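Enquirer: Input coords-v9.pdb, format and content: PDB, C-alpha atoms.
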```
ATOM      1  CA  MET M   1      -8.757  78.558 -13.501
ATOM      2  CA  ALA M   2     -11.487  75.870 -13.477
ATOM      3  CA  ASP M   3     -10.452  72.348 -12.536
ATOM      4  CA  LEU M   4     -11.273  70.203 -15.559
ATOM      5  CA  SER M   5      -9.932  67.013 -14.007
ATOM      6  CA  ARG M   6     -13.324  65.342 -13.690
ATOM      7  CA  ALA M   7     -14.055  66.019 -17.359
ATOM      8  CA  HIS M   8     -10.679  64.469 -18.244
ATOM      9  CA  ILE M   9     -11.484  61.434 -16.101
ATOM     10  CA  GLU M  10     -14.737  61.000 -18.041
ATOM     11  CA  ALA M  11     -12.846  61.328 -21.333
ATOM     12  CA  PHE M  12     -10.345  58.710 -20.141
ATOM     13  CA  LEU M  13     -13.148  56.293 -19.256
ATOM     14  CA  GLU M  14     -14.777  56.820 -22.654
ATOM     15  CA  MET M  15     -11.449  56.024 -24.343
ATOM     16  CA  MET M  16     -11.021  52.857 -22.259
ATOM     17  CA  SER M  17     -14.492  51.739 -23.248
ATOM     18  CA  ALA M  18     -14.386  52.617 -26.944
ATOM     19  CA  GLU M  19     -10.770  51.845 -27.827
ATOM     20  CA  ARG M  20      -9.767  49.193 -25.296
ATOM     21  CA  GLY M  21     -13.111  47.442 -24.851
ATOM     22  CA  ALA M  22     -12.872  47.688 -21.056
ATOM     23  CA  ALA M  23     -15.650  45.865 -19.218
ATOM     24  CA  GLY M  24     -18.249  47.735 -17.171
ATOM     25  CA  ASN M  25     -16.798  46.480 -13.884
ATOM     26  CA  THR M  26     -13.323  47.660 -14.924
ATOM     27  CA  LEU M  27     -14.628  51.113 -15.845
ATOM     28  CA  SER M  28     -16.476  51.423 -12.526
ATOM     29  CA  SER M  29     -13.313  50.445 -10.672
ATOM     30  CA  TYR M  30     -11.227  53.020 -12.565
ATOM     31  CA  GLN M  31     -13.799  55.718 -11.851
ATOM     32  CA  ARG M  32     -13.882  54.997  -8.105
ATOM     33  CA  ASP M  33     -10.100  54.958  -7.892
ATOM     34  CA  LEU M  34      -9.609  58.162  -9.871
ATOM     35  CA  ASP M  35     -12.404  59.956  -8.025
ATOM     36  CA  ASP M  36     -10.679  59.032  -4.760
ATOM     37  CA  LEU M  37      -7.359  60.349  -6.079
ATOM     38  CA  HIS M  38      -9.088  63.562  -7.169
ATOM     39  CA  GLY M  39     -10.611  64.002  -3.695
ATOM     40  CA  PHE M  40      -7.269  63.483  -1.964
ATOM     41  CA  LEU M  41      -5.458  65.947  -4.226
ATOM     42  CA  ALA M  42      -8.237  68.522  -3.812
ATOM     43  CA  GLY M  43      -7.594  68.397  -0.073
ATOM     44  CA  GLN M  44      -3.974  69.349  -0.845
ATOM     45  CA  ASP M  45      -5.073  72.203  -3.150
ATOM     46  CA  LYS M  46      -3.903  70.165  -6.125
ATOM     47  CA  SER M  47      -5.538  68.440  -9.067
ATOM     48  CA  PRO M  48      -4.515  65.489 -11.257
ATOM     49  CA  LEU M  49      -3.487  67.997 -13.926
ATOM     50  CA  ASN M  50      -0.870  69.719 -11.775
ATOM     51  CA  ALA M  51       0.048  66.945  -9.309
ATOM     52  CA  SER M  52       3.699  65.954  -9.070
ATOM     53  CA  SER M  53       5.248  62.543  -8.445
ATOM     54  CA  THR M  54       5.655  63.585  -4.819
ATOM     55  CA  ASP M  55       1.923  64.306  -4.564
ATOM     56  CA  LEU M  56       1.083  60.889  -6.006
ATOM     57  CA  SER M  57       3.534  59.202  -3.623
ATOM     58  CA  ALA M  58       1.803  61.010  -0.761
ATOM     59  CA  TYR M  59      -1.500  59.578  -1.972
ATOM     60  CA  LEU M  60      -0.095  56.037  -1.948
ATOM     61  CA  ALA M  61       1.315  56.635   1.530
ATOM     62  CA  HIS M  62      -2.136  57.844   2.600
ATOM     63  CA  LEU M  63      -3.699  54.596   1.322
ATOM     64  CA  ASN M  64      -1.129  52.594   3.261
ATOM     65  CA  SER M  65      -1.821  54.537   6.458
ATOM     66  CA  GLN M  66      -5.535  53.863   5.981
ATOM     67  CA  GLY M  67      -4.839  50.136   6.036
ATOM     68  CA  PHE M  68      -5.351  49.394   2.340
ATOM     69  CA  ALA M  69      -3.906  46.042   1.300
ATOM     70  CA  ALA M  70      -0.899  46.097  -1.019
ATOM     71  CA  SER M  71      -3.070  44.576  -3.760
ATOM     72  CA  SER M  72      -5.582  47.452  -3.465
ATOM     73  CA  GLN M  73      -2.766  50.017  -3.551
ATOM     74  CA  ALA M  74      -1.320  48.335  -6.636
ATOM     75  CA  ARG M  75      -4.687  48.461  -8.357
ATOM     76  CA  ARG M  76      -5.013  52.193  -7.686
ATOM     77  CA  LEU M  77      -1.482  52.796  -8.934
ATOM     78  CA  SER M  78      -2.371  50.912 -12.121
ATOM     79  CA  ALA M  79      -5.418  53.163 -12.625
ATOM     80  CA  MET M  80      -3.233  56.244 -12.059
ATOM     81  CA  ARG M  81      -0.659  55.074 -14.584
ATOM     82  CA  GLN M  82      -3.286  54.393 -17.240
ATOM     83  CA  PHE M  83      -4.840  57.806 -16.619
ATOM     84  CA  TYR M  84      -1.557  59.713 -16.795
ATOM     85  CA  LYS M  85      -0.523  57.885 -19.969
ATOM     86  CA  PHE M  86      -3.808  59.106 -21.442
ATOM     87  CA  LEU M  87      -3.206  62.709 -20.309
ATOM     88  CA  TYR M  88       0.301  62.624 -21.776
ATOM     89  CA  ALA M  89      -0.865  61.112 -25.077
ATOM     90  CA  GLU M  90      -3.599  63.737 -25.382
ATOM     91  CA  GLY M  91      -1.146  66.576 -24.733
ATOM     92  CA  LEU M  92      -2.907  67.551 -21.520
ATOM     93  CA  ARG M  93       0.317  67.053 -19.578
ATOM     94  CA  GLY M  94       3.901  67.290 -20.740
ATOM     95  CA  ASP M  95       5.063  64.533 -18.416
ATOM     96  CA  ASP M  96       3.884  61.377 -16.665
ATOM     97  CA  PRO M  97       4.384  61.802 -12.889
ATOM     98  CA  SER M  98       3.272  58.211 -12.229
ATOM     99  CA  SER M  99       6.073  56.632 -14.276
ATOM    100  CA  ILE M 100       8.661  56.711 -11.470
ATOM    101  CA  LEU M 101       6.385  55.422  -8.723
ATOM    102  CA  ASP M 102       7.162  51.989  -7.307
ATOM    103  CA  ALA M 103       4.406  49.455  -6.917
ATOM    104  CA  PRO M 104       3.816  48.374  -3.307
ATOM    105  CA  LYS M 105       5.190  44.948  -2.520
ATOM    106  CA  LYS M 106       2.484  42.406  -1.914
ATOM    107  CA  SER M 107       2.624  38.900  -0.614
ATOM    108  CA  ARG M 108       1.555  36.233  -3.048
ATOM    109  CA  SER M 109      -1.424  34.611  -1.397
ATOM    110  CA  LEU M 110      -2.681  31.267  -2.589
ATOM    111  CA  PRO M 111      -6.186  31.232  -4.091
ATOM    112  CA  LYS M 112      -8.989  29.578  -2.176
ATOM    113  CA  THR M 113     -10.094  26.382  -3.814
ATOM    114  CA  MET M 114     -12.238  23.291  -3.254
ATOM    115  CA  SER M 115     -11.380  19.617  -3.181
ATOM    116  CA  GLU M 116     -12.573  17.376  -5.998
ATOM    117  CA  GLU M 117     -14.732  15.558  -3.438
ATOM    118  CA  ASP M 118     -16.510  18.784  -2.403
ATOM    119  CA  VAL M 119     -17.125  19.790  -6.021
ATOM    120  CA  THR M 120     -18.536  16.327  -6.767
ATOM    121  CA  ARG M 121     -20.788  16.569  -3.712
ATOM    122  CA  LEU M 122     -22.076  19.953  -4.864
ATOM    123  CA  LEU M 123     -22.718  18.826  -8.442
ATOM    124  CA  GLU M 124     -24.449  15.626  -7.365
ATOM    125  CA  LEU M 125     -26.833  17.540  -5.102
ATOM    126  CA  ALA M 126     -27.539  20.096  -7.864
ATOM    127  CA  ALA M 127     -28.311  17.245 -10.282
ATOM    128  CA  ALA M 128     -30.560  15.489  -7.769
ATOM    129  CA  GLU M 129     -32.513  18.676  -7.045
ATOM    130  CA  ALA M 130     -32.801  19.498 -10.770
ATOM    131  CA  SER M 131     -34.429  16.117 -11.430
ATOM    132  CA  GLN M 132     -37.241  16.803  -8.955
ATOM    133  CA  VAL M 133     -40.463  17.612 -10.811
ATOM    134  CA  GLY M 134     -42.520  20.413  -9.328
ATOM    135  CA  PRO M 135     -42.588  24.163  -8.689
ATOM    136  CA  ASP M 136     -39.359  26.058  -9.400
ATOM    137  CA  GLN M 137     -37.836  23.142 -11.304
ATOM    138  CA  LEU M 138     -36.619  25.610 -13.926
ATOM    139  CA  THR M 139     -34.622  27.424 -11.207
ATOM    140  CA  ARG M 140     -33.101  24.125 -10.053
ATOM    141  CA  LEU M 141     -32.266  23.107 -13.638
ATOM    142  CA  ARG M 142     -30.678  26.523 -14.123
ATOM    143  CA  MET M 143     -28.485  26.103 -11.041
ATOM    144  CA  HIS M 144     -27.336  22.679 -12.221
ATOM    145  CA  ALA M 145     -26.494  24.049 -15.680
ATOM    146  CA  LEU M 146     -24.648  27.037 -14.176
ATOM    147  CA  LEU M 147     -22.521  24.832 -11.928
ATOM    148  CA  GLU M 148     -21.704  22.278 -14.616
ATOM    149  CA  LEU M 149     -20.691  25.041 -17.042
ATOM    150  CA  LEU M 150     -18.620  26.834 -14.406
ATOM    151  CA  TYR M 151     -16.682  23.750 -13.374
ATOM    152  CA  ALA M 152     -16.309  22.470 -16.950
ATOM    153  CA  THR M 153     -14.930  25.746 -18.344
ATOM    154  CA  GLY M 154     -13.564  27.865 -15.465
ATOM    155  CA  MET M 155     -15.434  30.882 -16.812
ATOM    156  CA  ARG M 156     -15.502  34.150 -14.911
ATOM    157  CA  VAL M 157     -18.892  34.515 -13.241
ATOM    158  CA  SER M 158     -19.586  37.654 -15.318
ATOM    159  CA  GLU M 159     -18.962  35.630 -18.492
ATOM    160  CA  LEU M 160     -21.167  32.800 -17.287
ATOM    161  CA  VAL M 161     -24.307  34.696 -16.300
ATOM    162  CA  SER M 162     -24.177  36.842 -19.467
ATOM    163  CA  LEU M 163     -23.926  33.971 -21.949
ATOM    164  CA  PRO M 164     -26.165  34.653 -24.958
ATOM    165  CA  ALA M 165     -28.988  32.233 -25.742
ATOM    166  CA  LYS M 166     -27.417  31.566 -29.146
ATOM    167  CA  VAL M 167     -24.811  29.323 -27.489
ATOM    168  CA  LEU M 168     -27.584  26.708 -27.506
ATOM    169  CA  ASP M 169     -27.219  26.639 -31.288
ATOM    170  CA  GLN M 170     -23.565  25.622 -31.044
ATOM    171  CA  GLU M 171     -23.221  21.946 -31.857
ATOM    172  CA  GLY M 172     -20.480  19.751 -30.455
ATOM    173  CA  ARG M 173     -18.459  19.778 -27.263
ATOM    174  CA  PHE M 174     -17.079  23.320 -27.412
ATOM    175  CA  LEU M 175     -18.331  26.676 -26.241
ATOM    176  CA  MET M 176     -17.273  30.100 -27.530
ATOM    177  CA  ILE M 177     -16.807  32.580 -24.672
ATOM    178  CA  ARG M 178     -16.439  36.335 -25.056
ATOM    179  CA  GLY M 179     -14.166  37.523 -22.259
ATOM    180  CA  LYS M 180     -12.323  40.660 -21.184
ATOM    181  CA  GLY M 181     -11.609  43.146 -23.958
ATOM    182  CA  ASN M 182     -14.166  41.313 -26.148
ATOM    183  CA  LYS M 183     -11.592  38.559 -26.728
ATOM    184  CA  GLU M 184     -13.082  35.225 -27.690
ATOM    185  CA  ARG M 185     -11.826  31.819 -26.617
ATOM    186  CA  LEU M 186     -12.987  28.289 -27.315
ATOM    187  CA  VAL M 187     -13.380  25.948 -24.340
ATOM    188  CA  PRO M 188     -14.397  22.279 -24.274
ATOM    189  CA  LEU M 189     -17.510  21.099 -22.438
ATOM    190  CA  SER M 190     -17.843  17.969 -20.346
ATOM    191  CA  ARG M 191     -20.570  15.458 -21.171
ATOM    192  CA  SER M 192     -22.320  16.272 -17.898
ATOM    193  CA  ALA M 193     -22.282  19.995 -18.743
ATOM    194  CA  ILE M 194     -23.800  19.294 -22.168
ATOM    195  CA  ALA M 195     -26.510  17.126 -20.594
ATOM    196  CA  ALA M 196     -27.308  19.779 -17.950
ATOM    197  CA  MET M 197     -27.523  22.476 -20.636
ATOM    198  CA  LYS M 198     -29.899  20.371 -22.745
ATOM    199  CA  ALA M 199     -32.189  19.682 -19.795
ATOM    200  CA  TYR M 200     -32.218  23.364 -18.848
ATOM    201  CA  ALA M 201     -32.743  24.429 -22.486
ATOM    202  CA  GLN M 202     -35.862  22.275 -22.786
ATOM    203  CA  ALA M 203     -37.371  23.775 -19.650
ATOM    204  CA  ARG M 204     -36.318  27.269 -20.756
ATOM    205  CA  THR M 205     -38.049  26.813 -24.129
ATOM    206  CA  ALA M 206     -41.265  25.823 -22.381
ATOM    207  CA  ALA M 207     -41.019  28.836 -20.058
ATOM    208  CA  ILE M 208     -40.349  31.462 -22.749
ATOM    209  CA  ALA M 209     -43.409  30.252 -24.637
ATOM    210  CA  LYS M 210     -45.332  31.875 -21.790
ATOM    211  CA  THR M 211     -43.072  34.778 -20.787
ATOM    212  CA  GLY M 212     -41.531  35.744 -24.150
ATOM    213  CA  ASP M 213     -38.065  35.109 -25.550
ATOM    214  CA  SER M 214     -34.821  36.590 -24.266
ATOM    215  CA  PRO M 215     -31.410  37.014 -25.926
ATOM    216  CA  TRP M 216     -29.763  35.648 -22.759
ATOM    217  CA  LEU M 217     -29.224  32.011 -21.800
ATOM    218  CA  PHE M 218     -30.057  32.793 -18.162
ATOM    219  CA  PRO M 219     -32.675  35.571 -18.435
ATOM    220  CA  SER M 220     -33.787  37.736 -15.546
ATOM    221  CA  SER M 221     -36.216  40.578 -14.977
ATOM    222  CA  GLY M 222     -33.337  42.791 -13.772
ATOM    223  CA  LYS M 223     -32.022  45.810 -15.649
ATOM    224  CA  GLU M 224     -29.287  43.856 -17.446
ATOM    225  CA  GLY M 225     -31.746  41.237 -18.618
ATOM    226  CA  TYR M 226     -29.653  38.312 -17.397
ATOM    227  CA  LEU M 227     -29.120  36.638 -14.037
ATOM    228  CA  PRO M 228     -27.223  38.957 -11.654
ATOM    229  CA  ARG M 229     -24.000  37.375 -10.468
ATOM    230  CA  GLN M 230     -24.904  38.257  -6.873
ATOM    231  CA  VAL M 231     -28.040  36.113  -7.158
ATOM    232  CA  PHE M 232     -26.018  33.188  -8.497
ATOM    233  CA  ALA M 233     -23.467  33.592  -5.687
ATOM    234  CA  ARG M 234     -26.262  33.641  -3.091
ATOM    235  CA  ASP M 235     -27.945  30.551  -4.553
ATOM    236  CA  LEU M 236     -24.580  28.748  -4.706
ATOM    237  CA  LYS M 237     -23.988  29.316  -0.998
ATOM    238  CA  ALA M 238     -27.500  28.066  -0.237
ATOM    239  CA  LEU M 239     -26.813  24.898  -2.253
ATOM    240  CA  ALA M 240     -23.476  24.443  -0.465
ATOM    241  CA  ALA M 241     -25.250  24.692   2.897
ATOM    242  CA  ARG M 242     -27.719  21.996   1.855
ATOM    243  CA  ALA M 243     -24.759  19.849   0.797
ATOM    244  CA  GLY M 244     -23.238  20.228   4.254
ATOM    245  CA  LEU M 245     -20.279  22.278   2.997
ATOM    246  CA  LYS M 246     -18.724  25.363   4.597
ATOM    247  CA  THR M 247     -20.463  28.239   2.818
ATOM    248  CA  THR M 248     -17.837  30.884   3.640
ATOM    249  CA  ALA M 249     -15.281  28.943   1.590
ATOM    250  CA  ILE M 250     -17.449  28.627  -1.532
ATOM    251  CA  SER M 251     -18.176  31.175  -4.244
ATOM    252  CA  PRO M 252     -18.266  31.251  -8.072
ATOM    253  CA  HIS M 253     -14.672  32.534  -8.047
ATOM    254  CA  VAL M 254     -13.555  29.672  -5.799
ATOM    255  CA  MET M 255     -15.163  27.252  -8.276
ATOM    256  CA  ARG M 256     -13.097  28.880 -11.037
ATOM    257  CA  HIS M 257      -9.951  28.325  -8.970
ATOM    258  CA  ALA M 258     -11.003  24.720  -8.374
ATOM    259  CA  PHE M 259     -11.316  24.193 -12.130
ATOM    260  CA  ALA M 260      -7.741  25.416 -12.691
ATOM    261  CA  SER M 261      -6.231  23.620  -9.695
ATOM    262  CA  HIS M 262      -7.847  20.279 -10.515
ATOM    263  CA  LEU M 263      -6.700  20.453 -14.134
ATOM    264  CA  LEU M 264      -3.106  21.031 -13.031
ATOM    265  CA  GLN M 265      -3.293  18.330 -10.386
ATOM    266  CA  ASN M 266      -4.320  15.890 -13.098
ATOM    267  CA  GLY M 267      -1.507  16.746 -15.500
ATOM    268  CA  ALA M 268      -2.690  19.752 -17.553
ATOM    269  CA  ASP M 269      -0.082  22.190 -18.911
ATOM    270  CA  LEU M 270       0.026  25.684 -17.365
ATOM    271  CA  ARG M 271      -0.216  27.308 -20.808
ATOM    272  CA  VAL M 272      -3.369  25.337 -21.590
ATOM    273  CA  VAL M 273      -4.930  26.439 -18.305
ATOM    274  CA  GLN M 274      -3.969  30.036 -19.132
ATOM    275  CA  GLU M 275      -5.887  29.811 -22.428
ATOM    276  CA  LEU M 276      -8.924  28.206 -20.819
ATOM    277  CA  LEU M 277      -9.089  30.838 -18.063
ATOM    278  CA  GLY M 278      -8.737  33.683 -20.564
ATOM    279  CA  HIS M 279      -5.612  35.125 -18.902
ATOM    280  CA  SER M 280      -3.732  37.400 -21.310
ATOM    281  CA  ASP M 281      -0.506  37.015 -19.308
ATOM    282  CA  ILE M 282       0.959  33.735 -18.032
ATOM    283  CA  SER M 283       2.076  35.522 -14.847
ATOM    284  CA  THR M 284      -1.590  35.730 -13.787
ATOM    285  CA  THR M 285      -1.929  31.961 -14.116
ATOM    286  CA  GLN M 286       1.260  31.358 -12.152
ATOM    287  CA  ILE M 287      -0.616  31.700  -8.850
ATOM    288  CA  TYR M 288      -1.264  28.001  -9.412
ATOM    289  CA  THR M 289       2.409  27.004  -9.532
ATOM    290  CA  HIS M 290       2.098  25.655  -5.980
ATOM    291  CA  VAL M 291      -0.167  22.973  -7.457
ATOM    292  CA  LEU M 292       2.463  22.115 -10.061
ATOM    293  CA  GLU M 293       5.205  22.024  -7.429
ATOM    294  CA  GLU M 294       3.226  19.565  -5.301
ATOM    295  CA  ARG M 295       2.499  17.346  -8.318
ATOM    296  CA  LEU M 296       6.170  17.348  -9.332
ATOM    297  CA  ARG M 297       7.185  16.384  -5.799
ATOM    298  CA  GLU M 298       4.754  13.465  -5.867
ATOM    299  CA  LEU M 299       6.010  12.372  -9.294
ATOM    300  CA  VAL M 300       9.629  12.370  -8.111
ATOM    301  CA  GLU M 301       8.786  10.488  -4.927
ATOM    302  CA  THR M 302       6.800   7.921  -6.898
ATOM    303  CA  HIS M 303       9.002   7.381  -9.933
ATOM    304  CA  HIS M 304      12.598   8.365  -9.128
ATOM    305  CA  PRO M 305      14.858   5.274  -8.741
ATOM    306  CA  LEU M 306      16.406   6.521  -5.493
ATOM    307  CA  ALA M 307      12.974   7.218  -4.023
ATOM    308  CA  LYS M 308      11.890   3.680  -4.939
ATOM    309  CA  GLN M 309      15.009   2.231  -3.312
ATOM    310  CA  ALA M 310      14.370   4.133  -0.107
ATOM    311  CA  LYS M 311      10.760   2.912  -0.057
ATOM    312  CA  ASN M 312      11.841  -0.692  -0.609
ATOM    313  CA  ALA M 313      14.407  -0.381   2.174
ATOM    314  CA  ASP M 314      11.617   0.604   4.577
TER
END
```
Could you write out this file's structure as structure tokens?

Expert:
Amino acid sequence: MADLSRAHIEAFLEMMSAERGAAGNTLSSYQRDLDDLHGFLAGQDKSPLNASSTDLSAYLAHLNSQGFAASSQARRLSAMRQFYKFLYAEGLRGDDPSSILDAPKKSRSLPKTMSEEDVTRLLELAAAEASQVGPDQLTRLRMHALLELLYATGMRVSELVSLPAKVLDQEGRFLMIRGKGNKERLVPLSRSAIAAMKAYAQARTAAIAKTGDSPWLFPSSGKEGYLPRQVFARDLKALAARAGLKTTAISPHVMRHAFASHLLQNGADLRVVQELLGHSDISTTQIYTHVLEERLRELVETHHPLAKQAKNAD
């Protein structure tokens, strides 16, 4: 009998796109993971349609023996579970062999971040370069606007580079962001971010008068029509190098972590940060609890009567 597993994988991906609004990156990740599972099972003369829980456990053990991190194994298990739920719901299987599998235990690593001083240094250099009149000033104004928006909102880099041009029509100090699953959230903008956007918008308007309009805030000649995130990441590292910062420790994602960490350090509520980051589950935001713990320790040491007495005794 023909193995229809690949056709079922395609049907699953179509469902995730149409019904769940899964992003392109998510769909690509699911496809890679499920194609890898299919290849492993084929080597065991099995297919996803007739694989047992034991077969799936063997696949996870194979990933572990290949040196995959626990986080990567957990991601593949998540893809498997979603896929088998789909097969069960569609009546293609009478059971869900992934339901009894245990997720691999993973250590909770702290996110990389940047100090407020390093972020300030980066933004000040971007602003200084953007103010220089001459060739490629539009590119420099764009970088300044990108950085100010990223640090002011904590957007995902995919959300940032794909902002529509119509956000320029939004008046006031708030920006509407369309995130994962097409969910929208409203985030406030800093005054410096608004100023950087206005300066970039003026230069952009002058440029599109020659090149033609674009529906994207940060247009590009690439296939998507907007600035590729890899280009932004490359340009960010180049700016960091000019600022005398360690480039290996800086990326758009690190800037997002800096946004969250600095908010918490300065008294923001974890739930508020969750909303601003676009996390659907508070547990995702809880990677920043180490920041809260440090701030609480400092508060106790500064304000608790016994701590004050001990300080005075010294």

Enquirer: Tell me which of M:Leu122, M:Met80, M:Ala260, M:Ala74 sits closest to Leu277 (chain M), counting all atoms listed in the file.

Expert: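 Ranking M:Leu122, M:Met80, M:Ala260, M:Ala74 by distance to Leu277 (chain M), first place goes to M:Ala260.
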
Enquirer: From the options M:Val254, M:Ala70, M:Leu189, M:Met155, which residue's atoms come nearest to Gln274 (chain M), counting all atoms listed in the file?

Expert: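 Ranking M:Val254, M:Ala70, M:Leu189, M:Met155 by distance to Gln274 (chain M), first place goes to M:Met155.
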
Enquirer: What are the closest atom pairs, with distances in Å to one decimal, for all residues of region 135-199 of chain M lying within 12 Å of region 6-27 of chain M? Consider only C-alpha atoms, order rows by chain and residue number, and present the result as CSV.

Expert:
```
residue,atom,partner,partner_atom,distance
M:Ser158,CA,M:Asn25,CA,9.4
M:Glu159,CA,M:Ala23,CA,10.8
M:Arg178,CA,M:Ala23,CA,11.2
M:Gly179,CA,M:Ala23,CA,9.0
M:Lys180,CA,M:Ala23,CA,6.5
M:Gly181,CA,M:Gly21,CA,4.6
M:Asn182,CA,M:Gly21,CA,6.4
M:Lys183,CA,M:Gly21,CA,9.2
```

Enquirer: For C-alpha atoms, I'd like the residues from the last selection saved as a short mmCIF file (atom, residue, chain, number, x, y, z; two decimals), in the frame of the given file.

Expert:
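Saved to selection-v9.cif:
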```cif
data_model
loop_
_atom_site.label_atom_id
_atom_site.label_comp_id
_atom_site.auth_asym_id
_atom_site.auth_seq_id
_atom_site.Cartn_x
_atom_site.Cartn_y
_atom_site.Cartn_z
CA SER M 158 -19.59 37.65 -15.32
CA GLU M 159 -18.96 35.63 -18.49
CA ARG M 178 -16.44 36.34 -25.06
CA GLY M 179 -14.17 37.52 -22.26
CA LYS M 180 -12.32 40.66 -21.18
CA GLY M 181 -11.61 43.15 -23.96
CA ASN M 182 -14.17 41.31 -26.15
CA LYS M 183 -11.59 38.56 -26.73
#
```

Enquirer: Could you check how far CA of Lys112 (chain M) sits from CA of Gly154 (chain M), in Å to one decimal?

Expert: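 Rounded to one decimal, the two atoms are 14.2 Å apart.
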
Enquirer: What is the distance, in Å and to one decimal place, between CA of Phe174 (chain M) and CA of Ala199 (chain M)?

Expert: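 Taking CA of Phe174 (chain M) as the start and CA of Ala199 (chain M) as the end point, the length is 17.3 Å.
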
Enquirer: Go ahead and compute the interatomic distance for CA of Ala268 (chain M) and CA of Ala195 (chain M), in Å to one decimal.

Expert: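 Distance between the two atoms: 24.2 Å.
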
Enquirer: Would you please work out which residue, of M:Tyr30, M:Phe83, M:Tyr288, M:Phe259, is nearest to Glu116 (chain M) when using all atoms listed in the file?

Expert: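 Checking each candidate against Glu116 (chain M), we get M:Phe259 as the closest.
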
Enquirer: Translate the PyMOL selection byres ((chain M and resi 31-42) around 10), as applied to the file shown, into an explicit residue set as a ChimeraX atom specification.

Expert: /M:3,5-6,9-10,12-13,25-30,43-51,55-56,58-60,62,72-73,75-80,83

Enquirer: Evaluate the PyMOL selection byres ((chain M and resi 138-150) around 6) against this structure - the residues, as a VMD selection string, please.

Expert: chain M and resid 126 to 127 130 136 to 137 151 to 155 193 196 to 197 200

Enquirer: What's around Met114 (chain M) at 8 Å? Count all atoms listed in the file, leave out sequence neighbours fewer than 3 positions away in its own chain, and write the answer as an MDAnalysis selection string.

Expert: chainID M and resid 118:119 250 254:255 257:258

Enquirer: Can you list, as a list of chain:residue names, every protein, DNA or RNA residue that comes within 10 Å of Leu168 (chain M) when you count all atoms listed in the file, leaving out same-chain residues fewer than 3 positions away?

Expert: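 Residues meeting the cut-off are M:Leu163, M:Pro164, M:Ala165, M:Glu171, M:Leu175, M:Ile194, M:Met197, M:Lys198, M:Ala201, M:Leu217.
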
Enquirer: Applying the PyMOL selection byres ((chain M and resi 94-103) around 7) to the file I just gave you, which residues come out? Please list them as an MDAnalysis selection string.

Expert: chainID M and resid 52:53 57 74 80:81 84:85 88 91:93 104:105

Enquirer: Which residues are close to Phe232 (chain M), i.e. within 9 Å by only C-alpha atoms, leaving aside same-chain residues fewer than 4 positions away? Reply as a PDB file with C-alpha atoms, in the frame of the given file.

Expert:
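Output below, filename result08.pdb:
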```
ATOM      1  CA  MET M 143     -28.485  26.103 -11.041  1.00  0.00           C
ATOM      2  CA  LEU M 146     -24.648  27.037 -14.176  1.00  0.00           C
ATOM      3  CA  VAL M 157     -18.892  34.515 -13.241  1.00  0.00           C
ATOM      4  CA  VAL M 161     -24.307  34.696 -16.300  1.00  0.00           C
ATOM      5  CA  LEU M 227     -29.120  36.638 -14.037  1.00  0.00           C
ATOM      6  CA  PRO M 228     -27.223  38.957 -11.654  1.00  0.00           C
ATOM      7  CA  LEU M 236     -24.580  28.748  -4.706  1.00  0.00           C
ATOM      8  CA  LYS M 237     -23.988  29.316  -0.998  1.00  0.00           C
ATOM      9  CA  PRO M 252     -18.266  31.251  -8.072  1.00  0.00           C
TER      10      PRO M 252
END
```

Enquirer: Could region 158-165 of chain M be completed with N, CA, C and O atoms and returned as a short mmCIF file (atom, residue, chain, number, x, y, z; two decimals), keeping the file's coordinate frame?

Expert:
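Saved file result_6.cif follows:
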```cif
data_model
loop_
_atom_site.label_atom_id
_atom_site.label_comp_id
_atom_site.auth_asym_id
_atom_site.auth_seq_id
_atom_site.Cartn_x
_atom_site.Cartn_y
_atom_site.Cartn_z
N SER M 158 -18.96 36.66 -14.44
CA SER M 158 -19.59 37.65 -15.32
C SER M 158 -19.77 37.10 -16.73
O SER M 158 -20.76 37.44 -17.41
N GLU M 159 -18.85 36.26 -17.18
CA GLU M 159 -18.96 35.63 -18.49
C GLU M 159 -20.07 34.59 -18.49
O GLU M 159 -20.80 34.44 -19.48
N LEU M 160 -20.20 33.88 -17.39
CA LEU M 160 -21.17 32.80 -17.29
C LEU M 160 -22.60 33.31 -17.31
O LEU M 160 -23.42 32.87 -18.12
N VAL M 161 -22.91 34.24 -16.41
CA VAL M 161 -24.31 34.70 -16.30
C VAL M 161 -24.76 35.48 -17.53
O VAL M 161 -25.96 35.56 -17.81
N SER M 162 -23.82 36.04 -18.29
CA SER M 162 -24.18 36.84 -19.47
C SER M 162 -24.03 36.08 -20.78
O SER M 162 -23.97 36.69 -21.84
N LEU M 163 -23.99 34.75 -20.71
CA LEU M 163 -23.93 33.97 -21.95
C LEU M 163 -25.17 34.24 -22.79
O LEU M 163 -26.30 34.24 -22.28
N PRO M 164 -25.00 34.44 -24.10
CA PRO M 164 -26.16 34.65 -24.96
C PRO M 164 -26.90 33.34 -25.21
O PRO M 164 -26.30 32.25 -25.18
N ALA M 165 -28.19 33.44 -25.49
CA ALA M 165 -28.99 32.23 -25.74
C ALA M 165 -28.52 31.49 -26.98
O ALA M 165 -28.72 30.28 -27.11
#
```
